[in-house]
Amino acid sequence: MDLLENDKFKEDMLIKKQDKKMLKEEIFNENYKKDSIPTHKMEIGTKLKPKKKPFLKLGLLLICIGIICLLIINVVPWAYTIYDNKTSNHMNNEIFYYNDKIDNFSNDTNFSSFFESKDSYNYLGVNSYTLQLIFNMQSYIIYTIIIVGVILTILSLLIKRGDFPVAKYKLLYCFFAIITAILCIYLIFITVKFLGAEILLFYNGNFISNNIENLALLFISPIILICLASILLKINTTILKINLNYFEKIFDEKIKNKPFKYGVN
Amino acid sequence: MRKSELANTIEMIIIVMLFFSILVLMLNSFLPTVILKNPDTLVYYNIESMHYSQNIDIQNLYNNINLINNLIWIIIIFTFIAFLGVIINISNIYKKISYLFLSVGCLSIIFITISSYLYINFILNVSNSNDILLAYIIVEPLRYSYIILLILLIIFLISILYIIMIIPILFRAFKDVKSDKQELAKEKPITKFFSKNYDQKISFYNRKQENVEGFNYEKKKEYTESELVDQINRIETKENLDTNYINKESMAEEITNNEKKSPFLEDFKEGKTKKKDVNNEVKISEIFEKALSSAIDKKKKEELKQCIIKKPTGPEKDEKKYVVKCPECSFFFIKEKNKESITIIKCPRCGKEGTIK
C-alpha cells in the first residue's frame, strides 16, 4: 500500500505498463501474421483441410520384410556346393541344399563330409544340429518381427482414429523401432555364423575329406537374410534419428517462443 | 552448450558405441579365434566350432568368449535404452523416465570393463598355452583378437565420454527435482495465474484476499454475520487496488500464452469473425478484464450475502458456516457444517472430496 502511494513507484509502474502494452501488441501482431491464413485466395464456402495424422508405415514394412524373409528361408537354397570328386575321375558336382530337406542331411554322405567330420574336429563350425537350431531361431525371429509389425499397424490405426498426441505417438514409434532393431541384430548375429563357416573353409578346407577337391561353398539365403536384416536395422536407426530431429525442432521452436514471465522483463 | 546440441553429441556417442558393440559381437561370432596346434597341421576354430570341440582347454576358452558376447549383448540393449532416453528427454514428456534411461546407459561402462578384462584374460590364457595359438590373418602378428580388443577399448573410452556428458545433466536434473519439491512444500505464490478460466479467476481472487489485512483465509475460521458484513465493506474499499491487480495479472497471462494460437485464428476457424484490428483487440481485452474483475467482485459479494441471509432453522441450528480452503486447487468456498458430525465436502472447482479438520 505504501509503495503504491509513492509517486516514483507509480511512474515506474506506468512505464512498465506501457512497455508491456507495446510488447503485447508486438506479440499479437507476430502471432497473427504466423497464424493468419491467406483469405483472399480462398473462395467462399471452402472448408479448411484438417492436418493429416501421421501413419506408422513401419508396421507394414516389417510385415513385408518378414514375409520376404520367410520366403527366402523356405524357397531359396541355403547352400550351394561345387567340388571335384577324386573317385569319379574329377567330375564336377553341384549340390543345392534346401531348408525342407534338413531332416535328411544326416543320411546325406556329401553333407556329412562337409559339415560333420569323422575325426572329432568341427572344421566349418556348423553341423546338422547347429543348422537346425539356426533355422528354427531365424524363423522365430521373423515371426516375432511380423507380429511386431501387425501390432504396430493395429496400434497406428487405432491411434489415427482417436485423439492421441503426436509426440507420444512418435515415442511409441521409437520404442517399436528399437525392439525391431534388437531383433534384427540377433538375426544377423545368428546368420553371420555361415560367414564364419566360409572363412573356416578357407583355412580348414584341406582337412574336410580326401575324396573331395576344390570345394566351394556359397550360403545363398543367409547372405540375403543378412542384407535384409542390415537394411531393416538401418531403417530403424534412421527412424530413431528422424524422430530425434523432430523433437529437437520442436524444442528449438519452444526456446524461440519462450514466454516472458511477469515481473522479470 | 545448448540442450539440443548436447542431445546431438550424446546421440552421436551412443550411435558410435552401438556400432562398435555390434561390430564386436559380429566379429566374435564369425572370425576365427584360436588355432589348435597339431604335429603337422594347424586347425582354425571360431566360436561355433569351439563350442563343439572335445578339447577341454578350447571348451574353457569358449565359455570365456561366450560370456563376453553376453556382456556385449547387455551393452547393446543398455545403449538402445540410453538412446530412447535421449529421445524422451528432448521430447519433454516423461522427463523422469528419460533420466532413468540415461542413467541405465551409464551402467554399460561396468559391463564393458568386465568384458575387456575377460578378453585380455582370454588372450593371456591362450598365449600361455603351448597347444593353442591366437588366430592370425596372414602373418603372425596380425591377430584377429587384437582387432576385437582394440574395438573393446574404444567402446570403453566412448562409454567414459558418455558418462562425462551425462553425469552433469543427471546431477542438474536431481537438483531441479529437489528444488521443485521444496517449492511445492512452500505456499504457492499469488502471481501464479495462467488460465483464462473463470473459476480460476475467482480462485485467484480468493487467493489475493489472503494479502488483505485481517482477512486471513489460511486457517479455518467461523464467521458471524457482522464479520461477514465487515468483509464485504473491506472488499469494496479495496476494489480499486483489486482491479489494478487483476489487470496486471491478466496482462502477464496473455504474454505467457503467446505460444498458443492467436485468438483471431480461433475465431476465424469457428467462422464467427473476420480479420480484426489488433489494437482494438488489445483494448477489448483490457475492458474485458475490468468487466471480469467487477463480475468476480459481484459474485463474491453475493456469496457472502447468501451466507448472511440463510438463517439456521430447526435441526440445522448447530450448523455453522466455514470458509474452507481446498487442498488441491486452493479454492476458497463457504460450507455449512455441523460441529459434531463428519460431513464429506466436495470442492466446487476441482471436485476433490474431503472432510474439515
# chains A, B, ... in the order shown; residues from 1 in each chain; ligands from 1
>>> residues_around(residues="segment 141-156 of chain B", least_positions_apart="2", cutoff="9 Å", atoms="only C-alpha atoms", output="PyMOL selection string")
chain B and resi 16-18+20-21+23-24+27-28+31-34+108-109+112-113+115-116+119-120+123+134-139+158-161
>>> closest_residue(among="A:Met137, A:Thr180, A:Lys86, A:Lys249", to="Ile63 of chain A", atoms="only C-alpha atoms")
A:Thr180
>>> closest_residue(among="A:Phe251, A:Tyr98, A:Tyr83, A:Trp78", to="chain B", atoms="only C-alpha atoms")
A:Phe251
>>> closest_residue(among="A:Met13, A:Ile142, A:Ala79, A:Ile212", to="chain B", atoms="only C-alpha atoms")
A:Met13
>>> select_by_dssp(residues="segment 197-232 of chain A", states="helix (DSSP H, G or I)", output="list of chain:residue names")
A:Ala197, A:Glu198, A:Ile199, A:Leu200, A:Leu201, A:Phe202, A:Tyr203, A:Asn204, A:Gly205, A:Asn206, A:Phe207, A:Ile220, A:Ser221, A:Pro222, A:Ile223, A:Ile224, A:Leu225, A:Ile226, A:Cys227, A:Leu228, A:Ala229, A:Ser230, A:Ile231, A:Leu232
>>> write_last_selection(atoms="N, CA and C atoms", output="short mmCIF file (atom, residue, chain, number, x, y, z; two decimals), in the first residue's frame")
data_model
loop_
_atom_site.label_atom_id
_atom_site.label_comp_id
_atom_site.auth_asym_id
_atom_site.auth_seq_id
_atom_site.Cartn_x
_atom_site.Cartn_y
_atom_site.Cartn_z
N ALA A 197 31.65 -69.94 -41.34
CA ALA A 197 31.94 -71.23 -41.99
C ALA A 197 32.71 -71.01 -43.29
N GLU A 198 32.34 -69.95 -44.02
CA GLU A 198 33.06 -69.62 -45.28
C GLU A 198 34.53 -69.33 -44.99
N ILE A 199 34.78 -68.56 -43.92
CA ILE A 199 36.16 -68.20 -43.57
C ILE A 199 36.93 -69.44 -43.13
N LEU A 200 36.26 -70.29 -42.34
CA LEU A 200 36.93 -71.52 -41.86
C LEU A 200 37.22 -72.48 -43.01
N LEU A 201 36.35 -72.43 -44.01
CA LEU A 201 36.60 -73.27 -45.19
C LEU A 201 37.91 -72.88 -45.87
N PHE A 202 38.19 -71.58 -45.86
CA PHE A 202 39.44 -71.09 -46.45
C PHE A 202 40.66 -71.64 -45.71
N TYR A 203 40.57 -71.75 -44.38
CA TYR A 203 41.69 -72.23 -43.57
C TYR A 203 41.72 -73.75 -43.45
N ASN A 204 40.52 -74.34 -43.21
CA ASN A 204 40.47 -75.78 -42.90
C ASN A 204 39.98 -76.64 -44.07
N GLY A 205 39.89 -76.05 -45.23
CA GLY A 205 39.35 -76.78 -46.38
C GLY A 205 40.09 -78.05 -46.71
N ASN A 206 41.37 -78.08 -46.44
CA ASN A 206 42.18 -79.26 -46.79
C ASN A 206 41.84 -80.49 -45.95
N PHE A 207 41.31 -80.28 -44.76
CA PHE A 207 41.06 -81.41 -43.85
C PHE A 207 39.69 -82.06 -44.05
N ILE A 220 23.58 -69.00 -49.80
CA ILE A 220 22.79 -68.00 -50.54
C ILE A 220 21.79 -67.29 -49.63
N SER A 221 20.88 -68.07 -49.06
CA SER A 221 19.81 -67.44 -48.26
C SER A 221 20.36 -66.70 -47.03
N PRO A 222 21.39 -67.23 -46.34
CA PRO A 222 21.92 -66.47 -45.20
C PRO A 222 22.47 -65.09 -45.59
N ILE A 223 23.13 -65.04 -46.75
CA ILE A 223 23.69 -63.74 -47.19
C ILE A 223 22.55 -62.75 -47.49
N ILE A 224 21.50 -63.25 -48.16
CA ILE A 224 20.34 -62.37 -48.46
C ILE A 224 19.69 -61.91 -47.16
N LEU A 225 19.58 -62.87 -46.22
CA LEU A 225 18.97 -62.53 -44.92
C LEU A 225 19.78 -61.45 -44.19
N ILE A 226 21.10 -61.62 -44.22
CA ILE A 226 21.97 -60.63 -43.55
C ILE A 226 21.76 -59.25 -44.17
N CYS A 227 21.69 -59.23 -45.51
CA CYS A 227 21.48 -57.95 -46.22
C CYS A 227 20.15 -57.32 -45.81
N LEU A 228 19.09 -58.15 -45.81
CA LEU A 228 17.75 -57.63 -45.47
C LEU A 228 17.71 -57.12 -44.03
N ALA A 229 18.29 -57.92 -43.13
CA ALA A 229 18.30 -57.53 -41.72
C ALA A 229 19.10 -56.24 -41.52
N SER A 230 20.21 -56.11 -42.26
CA SER A 230 21.02 -54.89 -42.15
C SER A 230 20.24 -53.67 -42.65
N ILE A 231 19.50 -53.88 -43.77
CA ILE A 231 18.68 -52.78 -44.31
C ILE A 231 17.62 -52.36 -43.28
N LEU A 232 16.98 -53.39 -42.68
CA LEU A 232 15.93 -53.11 -41.68
C LEU A 232 16.52 -52.39 -40.47
#
>>> closest_residue(among="A:Leu183, A:Ile145, A:Leu61, A:Leu171", to="chain B", atoms="only C-alpha atoms")
A:Leu171
>>> select_by_dssp(residues="segment 173-227 of chain A", states="strand (DSSP E or B)", output="list of chain:residue names")
A:Ile212, A:Glu213, A:Asn214, A:Leu215, A:Ala216, A:Leu217, A:Leu218
>>> atom_distance(atom1="atom CA of Glu94 of chain A", atom2="atom CA of Gly125 of chain A")
21.6 Å
